[in-house]
Structure formats: structure tokens, C-alpha cells
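Reproduced below: coords-v7.csv, with CSV, C-alpha atoms.
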```
chain,number,residue,atom,x,y,z
L,1,MET,CA,38.8,50.1,1.0
L,2,THR,CA,40.4,46.6,0.7
L,3,PRO,CA,40.3,44.6,-2.6
L,4,HIS,CA,38.2,41.9,-1.0
L,5,VAL,CA,35.1,44.1,-0.9
L,6,ARG,CA,35.3,45.1,-4.5
L,7,PRO,CA,33.8,43.1,-7.4
L,8,LEU,CA,36.6,40.9,-8.8
L,9,LEU,CA,36.6,42.4,-12.2
L,10,ASP,CA,36.8,46.0,-10.8
L,11,TRP,CA,40.2,45.0,-9.2
L,12,SER,CA,43.7,44.8,-10.6
L,13,PRO,CA,45.9,42.0,-9.1
L,14,GLU,CA,49.6,42.2,-8.9
L,15,ALA,CA,50.1,38.5,-9.9
L,16,VAL,CA,48.0,35.8,-11.3
L,17,VAL,CA,48.4,32.1,-10.3
L,18,PHE,CA,46.7,29.5,-12.5
L,19,ASP,CA,45.9,25.9,-11.8
L,20,CYS,CA,46.9,23.7,-14.7
L,21,ASP,CA,44.5,20.6,-15.1
L,22,GLY,CA,41.1,21.7,-16.1
L,23,THR,CA,42.0,25.4,-16.0
L,24,LEU,CA,44.7,25.9,-18.6
L,25,MET,CA,44.9,22.4,-20.0
L,26,ASP,CA,41.9,20.1,-20.9
L,27,SER,CA,43.4,17.2,-19.0
L,28,GLU,CA,40.8,16.5,-16.4
L,29,ARG,CA,39.2,14.1,-18.9
L,30,HIS,CA,42.5,12.3,-19.1
L,31,TRP,CA,42.5,11.8,-15.3
L,32,VAL,CA,39.0,10.5,-15.5
L,33,GLU,CA,40.0,8.0,-18.2
L,34,ALA,CA,43.3,7.1,-16.4
L,35,ARG,CA,41.3,6.3,-13.2
L,36,THR,CA,39.0,4.1,-15.2
L,37,LEU,CA,41.9,2.3,-16.8
L,38,ALA,CA,43.7,1.9,-13.5
L,39,PHE,CA,40.6,0.4,-11.8
L,40,ARG,CA,40.1,-1.9,-14.7
L,41,GLU,CA,43.8,-3.0,-14.6
L,42,PHE,CA,43.0,-4.4,-11.1
L,43,GLY,CA,39.7,-5.8,-12.0
L,44,LEU,CA,37.8,-3.1,-10.3
L,45,GLN,CA,35.2,-0.4,-11.1
L,46,ALA,CA,34.9,3.2,-9.7
L,47,PRO,CA,32.0,3.7,-7.4
L,48,PRO,CA,29.2,6.2,-8.4
L,49,GLY,CA,30.2,9.8,-8.0
L,50,PHE,CA,33.9,9.0,-7.7
L,51,ALA,CA,35.0,11.4,-10.6
L,52,GLU,CA,33.6,14.5,-8.8
L,53,GLN,CA,35.1,13.4,-5.5
L,54,ALA,CA,38.5,12.9,-7.0
L,55,LYS,CA,38.6,16.1,-9.1
L,56,GLY,CA,41.6,18.3,-8.4
L,57,MET,CA,43.3,15.8,-6.0
L,58,HIS,CA,47.0,15.1,-6.0
L,59,TYR,CA,47.5,11.8,-7.8
L,60,GLU,CA,49.0,10.1,-4.7
L,61,GLU,CA,46.0,11.0,-2.6
L,62,CYS,CA,43.7,10.0,-5.4
L,63,GLY,CA,45.4,6.6,-5.6
L,64,ARG,CA,44.7,6.1,-1.9
L,65,LEU,CA,41.2,7.3,-2.3
L,66,MET,CA,40.7,4.8,-5.2
L,67,ALA,CA,41.9,1.9,-3.0
L,68,ASP,CA,39.7,3.0,0.0
L,69,SER,CA,36.7,3.5,-2.2
L,70,VAL,CA,36.7,-0.2,-3.1
L,71,HIS,CA,37.7,-1.3,0.4
L,72,LYS,CA,41.1,-2.5,-0.7
L,73,PRO,CA,43.6,-0.2,1.0
L,74,GLU,CA,46.4,-2.6,0.3
L,75,LEU,CA,46.1,-1.7,-3.4
L,76,ALA,CA,46.9,2.0,-2.9
L,77,SER,CA,50.4,1.9,-4.2
L,78,GLY,CA,49.6,-0.2,-7.2
L,79,LEU,CA,46.6,2.0,-8.2
L,80,THR,CA,48.6,5.1,-7.7
L,81,GLY,CA,51.3,3.9,-10.0
L,82,ALA,CA,48.9,2.7,-12.6
L,83,LEU,CA,47.0,6.0,-12.5
L,84,LEU,CA,50.1,8.1,-13.2
L,85,ASP,CA,51.3,5.7,-15.9
L,86,HIS,CA,48.0,5.8,-17.8
L,87,PHE,CA,47.6,9.6,-17.4
L,88,LEU,CA,51.1,10.3,-18.7
L,89,GLU,CA,50.4,8.2,-21.8
L,90,LEU,CA,47.1,9.9,-22.4
L,91,VAL,CA,48.2,13.5,-21.9
L,92,THR,CA,51.3,13.0,-24.0
L,93,ASP,CA,49.2,11.8,-26.9
L,94,ASP,CA,46.5,14.5,-26.7
L,95,PRO,CA,47.4,17.8,-25.1
L,96,VAL,CA,44.6,20.3,-25.5
L,97,THR,CA,44.1,23.8,-23.9
L,98,MET,CA,40.9,24.9,-22.3
L,99,PRO,CA,38.8,27.5,-24.2
L,100,GLY,CA,40.2,31.0,-23.8
L,101,ALA,CA,43.3,29.9,-21.9
L,102,VAL,CA,45.9,30.8,-24.5
L,103,GLN,CA,44.4,34.2,-25.2
L,104,LEU,CA,44.1,35.1,-21.6
L,105,VAL,CA,47.6,34.0,-20.7
L,106,ARG,CA,49.1,35.9,-23.6
L,107,THR,CA,47.1,39.0,-22.8
L,108,LEU,CA,48.3,39.0,-19.2
L,109,SER,CA,51.9,38.0,-20.0
L,110,GLY,CA,54.4,40.8,-19.5
L,111,ARG,CA,51.9,42.9,-17.5
L,112,LEU,CA,52.4,41.1,-14.2
L,113,PRO,CA,54.0,38.0,-12.8
L,114,LEU,CA,52.3,34.7,-13.8
L,115,ALA,CA,52.7,31.4,-12.0
L,116,VAL,CA,51.2,27.9,-12.0
L,117,ALA,CA,50.2,26.1,-8.8
L,118,SER,CA,49.2,22.5,-9.5
L,119,ASN,CA,48.8,19.2,-7.8
L,120,CYS,CA,50.2,17.4,-10.9
L,121,PRO,CA,53.8,16.2,-11.1
L,122,MET,CA,56.3,18.8,-12.4
L,123,VAL,CA,56.9,16.7,-15.5
L,124,VAL,CA,53.2,16.8,-16.4
L,125,VAL,CA,52.8,20.5,-15.9
L,126,GLU,CA,56.1,21.5,-17.7
L,127,GLY,CA,55.4,19.1,-20.6
L,128,SER,CA,51.8,20.2,-21.0
L,129,LEU,CA,52.6,23.9,-21.0
L,130,GLU,CA,55.5,23.4,-23.4
L,131,ARG,CA,53.4,21.5,-25.9
L,132,ALA,CA,50.7,24.2,-25.6
L,133,GLY,CA,53.2,27.0,-26.3
L,134,LEU,CA,52.6,28.6,-22.9
L,135,ARG,CA,55.6,27.7,-20.8
L,136,THR,CA,57.6,30.8,-21.5
L,137,HIS,CA,54.7,33.0,-20.1
L,138,PHE,CA,55.1,31.6,-16.6
L,139,GLN,CA,57.9,32.8,-14.3
L,140,HIS,CA,57.2,30.1,-11.7
L,141,ILE,CA,55.6,26.6,-11.4
L,142,VAL,CA,54.8,25.2,-8.0
L,143,VAL,CA,53.8,21.6,-7.3
L,144,PRO,CA,53.9,19.5,-4.1
L,145,GLU,CA,57.3,18.1,-5.1
L,146,THR,CA,58.8,21.6,-5.1
L,147,GLY,CA,59.9,21.0,-1.5
L,148,ASP,CA,59.3,18.6,1.4
L,149,SER,CA,57.2,21.2,3.2
L,150,VAL,CA,54.9,21.9,0.2
L,151,ARG,CA,51.7,20.0,0.7
L,152,PRO,CA,49.1,19.4,-2.1
L,153,LYS,CA,45.8,21.2,-2.4
L,154,PRO,CA,43.5,21.7,-0.5
L,155,TRP,CA,46.4,22.8,1.8
L,156,PRO,CA,47.3,26.4,0.9
L,157,ASP,CA,51.1,25.7,0.4
L,158,VAL,CA,51.3,25.8,-3.4
L,159,TYR,CA,49.5,29.1,-3.6
L,160,LEU,CA,51.4,30.7,-0.7
L,161,LEU,CA,54.7,29.7,-2.3
L,162,ALA,CA,53.6,30.9,-5.8
L,163,ALA,CA,52.6,34.3,-4.4
L,164,ARG,CA,55.9,34.6,-2.5
L,165,LEU,CA,57.9,33.7,-5.6
L,166,CYS,CA,55.9,36.3,-7.6
L,167,GLY,CA,56.9,38.9,-5.0
L,168,VAL,CA,53.4,39.8,-3.9
L,169,PRO,CA,51.3,39.3,-0.7
L,170,PRO,CA,48.6,36.6,-1.2
L,171,LEU,CA,45.9,39.3,-0.8
L,172,ARG,CA,47.3,41.0,-4.0
L,173,ALA,CA,47.3,37.8,-6.1
L,174,LEU,CA,44.5,36.2,-8.1
L,175,ALA,CA,44.1,32.4,-8.3
L,176,VAL,CA,42.3,30.8,-11.3
L,177,GLU,CA,40.8,27.4,-10.5
L,178,ASP,CA,38.3,24.9,-11.8
L,179,SER,CA,38.0,22.5,-8.8
L,180,LEU,CA,36.6,23.0,-5.3
L,181,THR,CA,39.8,21.4,-4.0
L,182,GLY,CA,41.8,24.1,-5.7
L,183,VAL,CA,39.4,26.9,-4.7
L,184,GLU,CA,39.7,25.8,-1.1
L,185,SER,CA,43.5,25.8,-1.3
L,186,ALA,CA,43.7,29.3,-2.8
L,187,HIS,CA,41.1,30.6,-0.4
L,188,ARG,CA,43.0,29.3,2.6
L,189,ALA,CA,46.2,31.0,1.2
L,190,GLY,CA,44.4,34.3,1.2
L,191,LEU,CA,44.3,34.8,-2.6
L,192,ARG,CA,41.2,36.1,-4.4
L,193,VAL,CA,39.7,33.3,-6.6
L,194,LEU,CA,38.2,33.1,-10.0
L,195,GLY,CA,36.4,29.8,-10.5
L,196,VAL,CA,36.0,28.6,-14.1
L,197,GLY,CA,34.0,25.8,-15.7
L,198,PRO,CA,30.7,24.1,-14.8
L,199,LEU,CA,29.4,25.5,-11.5
L,200,PRO,CA,29.9,22.7,-8.9
L,201,ALA,CA,27.0,21.5,-6.9
L,202,GLY,CA,26.6,22.6,-3.3
L,203,ASP,CA,28.0,25.6,-1.5
L,204,GLY,CA,31.7,25.1,-2.3
L,205,ALA,CA,31.7,27.5,-5.2
L,206,LYS,CA,30.9,30.3,-2.8
L,207,ARG,CA,34.5,30.2,-1.7
L,208,ALA,CA,35.4,31.8,-5.1
L,209,ASP,CA,35.0,35.6,-5.6
L,210,LEU,CA,33.5,35.0,-9.1
L,211,TRP,CA,32.6,31.9,-11.2
L,212,LEU,CA,32.6,32.0,-15.0
L,213,PRO,CA,31.8,29.2,-17.5
L,214,THR,CA,35.1,29.5,-19.4
L,215,LEU,CA,38.2,31.7,-19.7
L,216,HIS,CA,36.8,32.9,-23.0
L,217,GLU,CA,34.1,35.1,-21.5
L,218,PRO,CA,34.2,38.6,-23.1
L,219,GLU,CA,34.1,40.4,-19.7
L,220,LEU,CA,37.1,38.5,-18.5
L,221,LEU,CA,39.2,39.2,-21.6
L,222,SER,CA,38.1,42.9,-21.5
L,223,TRP,CA,39.2,43.0,-17.9
L,224,ALA,CA,42.6,41.5,-18.8
L,225,GLU,CA,43.1,44.0,-21.6
L,226,THR,CA,42.0,47.2,-19.7
L,227,ARG,CA,42.2,46.6,-15.9
L,228,VAL,CA,45.3,44.5,-15.4
L,229,THR,CA,48.5,46.6,-15.1
L,230,GLY,CA,50.5,44.8,-12.5
L,231,GLY,CA,51.0,47.9,-10.4
L,232,PRO,CA,49.9,48.2,-6.7
L,233,GLU,CA,46.6,49.7,-5.8
L,234,PRO,CA,46.0,51.8,-2.8
L,235,ASP,CA,43.6,50.4,-0.1
```
When written as C-alpha cells, how does the structure in this file appear?
Amino acid sequence: MTPHVRPLLDWSPEAVVFDCDGTLMDSERHWVEARTLAFREFGLQAPPGFAEQAKGMHYEECGRLMADSVHKPELASGLTGALLDHFLELVTDDPVTMPGAVQLVRTLSGRLPLAVASNCPMVVVEGSLERAGLRTHFQHIVVPETGDSVRPKPWPDVYLLAARLCGVPPLRALAVEDSLTGVESAHRAGLRVLGVGPLPAGDGAKRADLWLPTLHEPELLSWAETRVTGGPEPD
């Protein structure tokens, strides 16, 4: 029997790859505010529903989407720069972890390889994890700037590379994600997926093997303490 037909919490992965924004770190709210400030800097306002549309996007793609959404594609570069500047200022002033993130990471640490696959710039991911006291638990961090051929989510590249660096086939790795963009990326890469946070509207969440409200759910922590060993399982 292959792992894909088992319930997720009856399965033991050989590596876990976390998203950062909105999964480990409570920084999605900073991206929302940074987009608002960037739009305002150019005398613009985000159209209705833009926050959900932009969730999980690489910041350069988000900057282009911001410009296109207000029918001013010529502002893509300026909006992208403003977006990143505002975000870096906000996240530096107020780094906060998501509920349950620290406990889950510390429970898994040392039992199996851990990695981060993010659409954020490396400086943001490294800095956020350092300030949260989590950086030493992760053997690998993969972002689009890791290499010229590493495309941002929803492309599968960051998850494929993270699994390879952890030394496991994608099928044997678990992705932990809060956005449909990230879920799609991990699903395309062949990882099993745990979604976390408010359940998104529509059918996109069905791409995840399981969706939980937070990383602090008792059944998830129990799974991490009792089921996760890091060793291979027979099919």
C-alpha cells in the first residue's frame, strides 16, 4: 500500500518541508499591510478581493499583479520595490510565530530532516527564523533566488529541490502550507500536503491531504510525538 492512500496522520514522512509566511511566521498580515502602503505610495487602492488573490505569491509576481490590477503595468517595477521595502520594515519590527509552529518544529527537530520552501527573499526567511529562534532546526532553506532554474510557487521547483536536499523522494516528504499557491506547488512536486489556517473558499483546498485550523491542534502534536521517526516505511 502506498502512503498516498493512507490518512495523513497515520503516515510517517521521512522529511518535512515548511512554508514560512503564514505557516511558521505570522507575516502574511505584513504583506497585506505592505501592499496597502505600496498602493498608497503611488496614489492607488487595491481592488476588492486582491488580498486573497495575492496570498502566497512571490513578491515580484505580486508587484506585477498589483500594477495589472489597477491597469497600470508601467508601475510594476516601482510597486514591486515599494512592496518589498515596506514588508522588510514591518517584519523586522514585529516578527511573530504562528500558533503551534515553535512547538511542532522543536518536536520534529532531530527526528528527520526539516527544510523551508518559501517564495520570500532569503534575507526575509533567514531573518524571520533567526528572530524566532527556529533557524537552527532547519537543514535547508529553498527560495526562488537559490538558483536560476528555481521558479517560484505555484511551480513545483522549491519543493522538488527541498526534498532532494533532504535526501528523500518527494513522495516521502510532507509539505506544510497555508496558501493555495503553496499547496499547488507542493502537490505538483509530488509531496503530501498538510494545509493549515482558515479553510480557503472553493475547491483548491482539496489538493491538500488534510487541512487543520492551526499547527497547535492536539492530534497534530500527538502525531509528531508518536508517529514521526524519520525512518522509511515499506509500501
Which neighbours of Val150 of chain L fall inside 12 Å, counting all atoms listed in the file, when residues of the same chain fewer than 4 positions from it are skipped, and could you give them as an MDAnalysis selection string? chainID L and resid 117:119 142:146 154:162
Which residue is closest to Tyr59 of chain L? Choose from L:Lys72, L:His140, L:Arg35, L:Arg164 and count only C-alpha atoms.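 Looking only at the distances to Tyr59 of chain L, the closest residue turns out to be L:Arg35.
Nearest to Met98 of chain L of all the residues L:Ala15, L:Val228, L:Leu129, L:Val168 is L:Leu129, counting all atoms listed in the file.
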(38.6, -3.1, -2.8) in this file's frame - what residues fall within 12 Å of it? Use all atoms listed in the file and give the answer as a PyMOL selection string. chain L and resi 39+42-47+64-76+79
Take the residues that were just selected and, keeping C-alpha atoms, output them as a PDB file, keeping the file's coordinate frame.
```pdb
ATOM      1  CA  PHE L  39      40.600   0.400 -11.800  1.00  0.00           C
ATOM      2  CA  PHE L  42      43.000  -4.400 -11.100  1.00  0.00           C
ATOM      3  CA  GLY L  43      39.700  -5.800 -12.000  1.00  0.00           C
ATOM      4  CA  LEU L  44      37.800  -3.100 -10.300  1.00  0.00           C
ATOM      5  CA  GLN L  45      35.200  -0.400 -11.100  1.00  0.00           C
ATOM      6  CA  ALA L  46      34.900   3.200  -9.700  1.00  0.00           C
ATOM      7  CA  PRO L  47      32.000   3.700  -7.400  1.00  0.00           C
ATOM      8  CA  ARG L  64      44.700   6.100  -1.900  1.00  0.00           C
ATOM      9  CA  LEU L  65      41.200   7.300  -2.300  1.00  0.00           C
ATOM     10  CA  MET L  66      40.700   4.800  -5.200  1.00  0.00           C
ATOM     11  CA  ALA L  67      41.900   1.900  -3.000  1.00  0.00           C
ATOM     12  CA  ASP L  68      39.700   3.000   0.000  1.00  0.00           C
ATOM     13  CA  SER L  69      36.700   3.500  -2.200  1.00  0.00           C
ATOM     14  CA  VAL L  70      36.700  -0.200  -3.100  1.00  0.00           C
ATOM     15  CA  HIS L  71      37.700  -1.300   0.400  1.00  0.00           C
ATOM     16  CA  LYS L  72      41.100  -2.500  -0.700  1.00  0.00           C
ATOM     17  CA  PRO L  73      43.600  -0.200   1.000  1.00  0.00           C
ATOM     18  CA  GLU L  74      46.400  -2.600   0.300  1.00  0.00           C
ATOM     19  CA  LEU L  75      46.100  -1.700  -3.400  1.00  0.00           C
ATOM     20  CA  ALA L  76      46.900   2.000  -2.900  1.00  0.00           C
ATOM     21  CA  LEU L  79      46.600   2.000  -8.200  1.00  0.00           C
TER      22      LEU L  79
END
```
Nearest-residue call for Ala115 of chain L, choices L:Phe18, L:Phe87, L:Phe50, L:Trp31, using all atoms listed in the file: L:Phe18
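Here atom CA of Ser27 of chain L stands at a distance of 24.8 Å from atom CA of Asp203 of chain L.
Across L:Cys120, L:Cys20, L:Leu174, L:Ala189, the tightest approach to Leu134 of chain L is made by L:Cys20 when counting only C-alpha atoms.
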Which residues, written as a PyMOL selection string, have at least one atom at most 7 Å from Gly190 of chain L, with only C-alpha atoms counted and residues fewer than 4 positions away on the same chain left out? chain L and resi 170-171+186
Here atom CA of Pro198 of chain L and atom CA of Leu8 of chain L stand apart by 18.8 Å
Can you work out which one of L:Leu114, L:Ala34, L:Ala224, L:Cys166 has the shortest atom-to-atom distance to His137 of chain L, counting only C-alpha atoms?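 For His137 of chain L, the nearest of the candidates is L:Leu114.
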Do you have the atom CA of Lys55 of chain L-atom CA of His187 of chain L distance handy? 17.1 Å
Leaving out His58 of chain L and any residue of its chain fewer than 2 positions from it, which residues lie within 7 Å of it when counting only C-alpha atoms, given as a list in words? Gly56, Glu60, Glu61, Cys62, Asn119, Cys120 and Pro152 of chain L
For Gln139 of chain L, which residue among L:Val16, L:Ala101, L:Ala175, L:Ala208 is the nearest when counting all atoms listed in the file? L:Val16
Give me the residues within 12 Å of Asp209 of chain L as a list in words, counting all atoms listed in the file and dropping any in the same chain fewer than 6 places off.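 Here the qualifying residues turn out to be Pro3, His4, Val5, Arg6, Pro7, Leu8, Leu9, Asp10, Trp11, Leu174, Ala175, Val176, Glu177, Val183, Glu184, Ala186, His187, Gly190, Leu191, Arg192, Val193, Leu194, Gly195 and Val196 of chain L.
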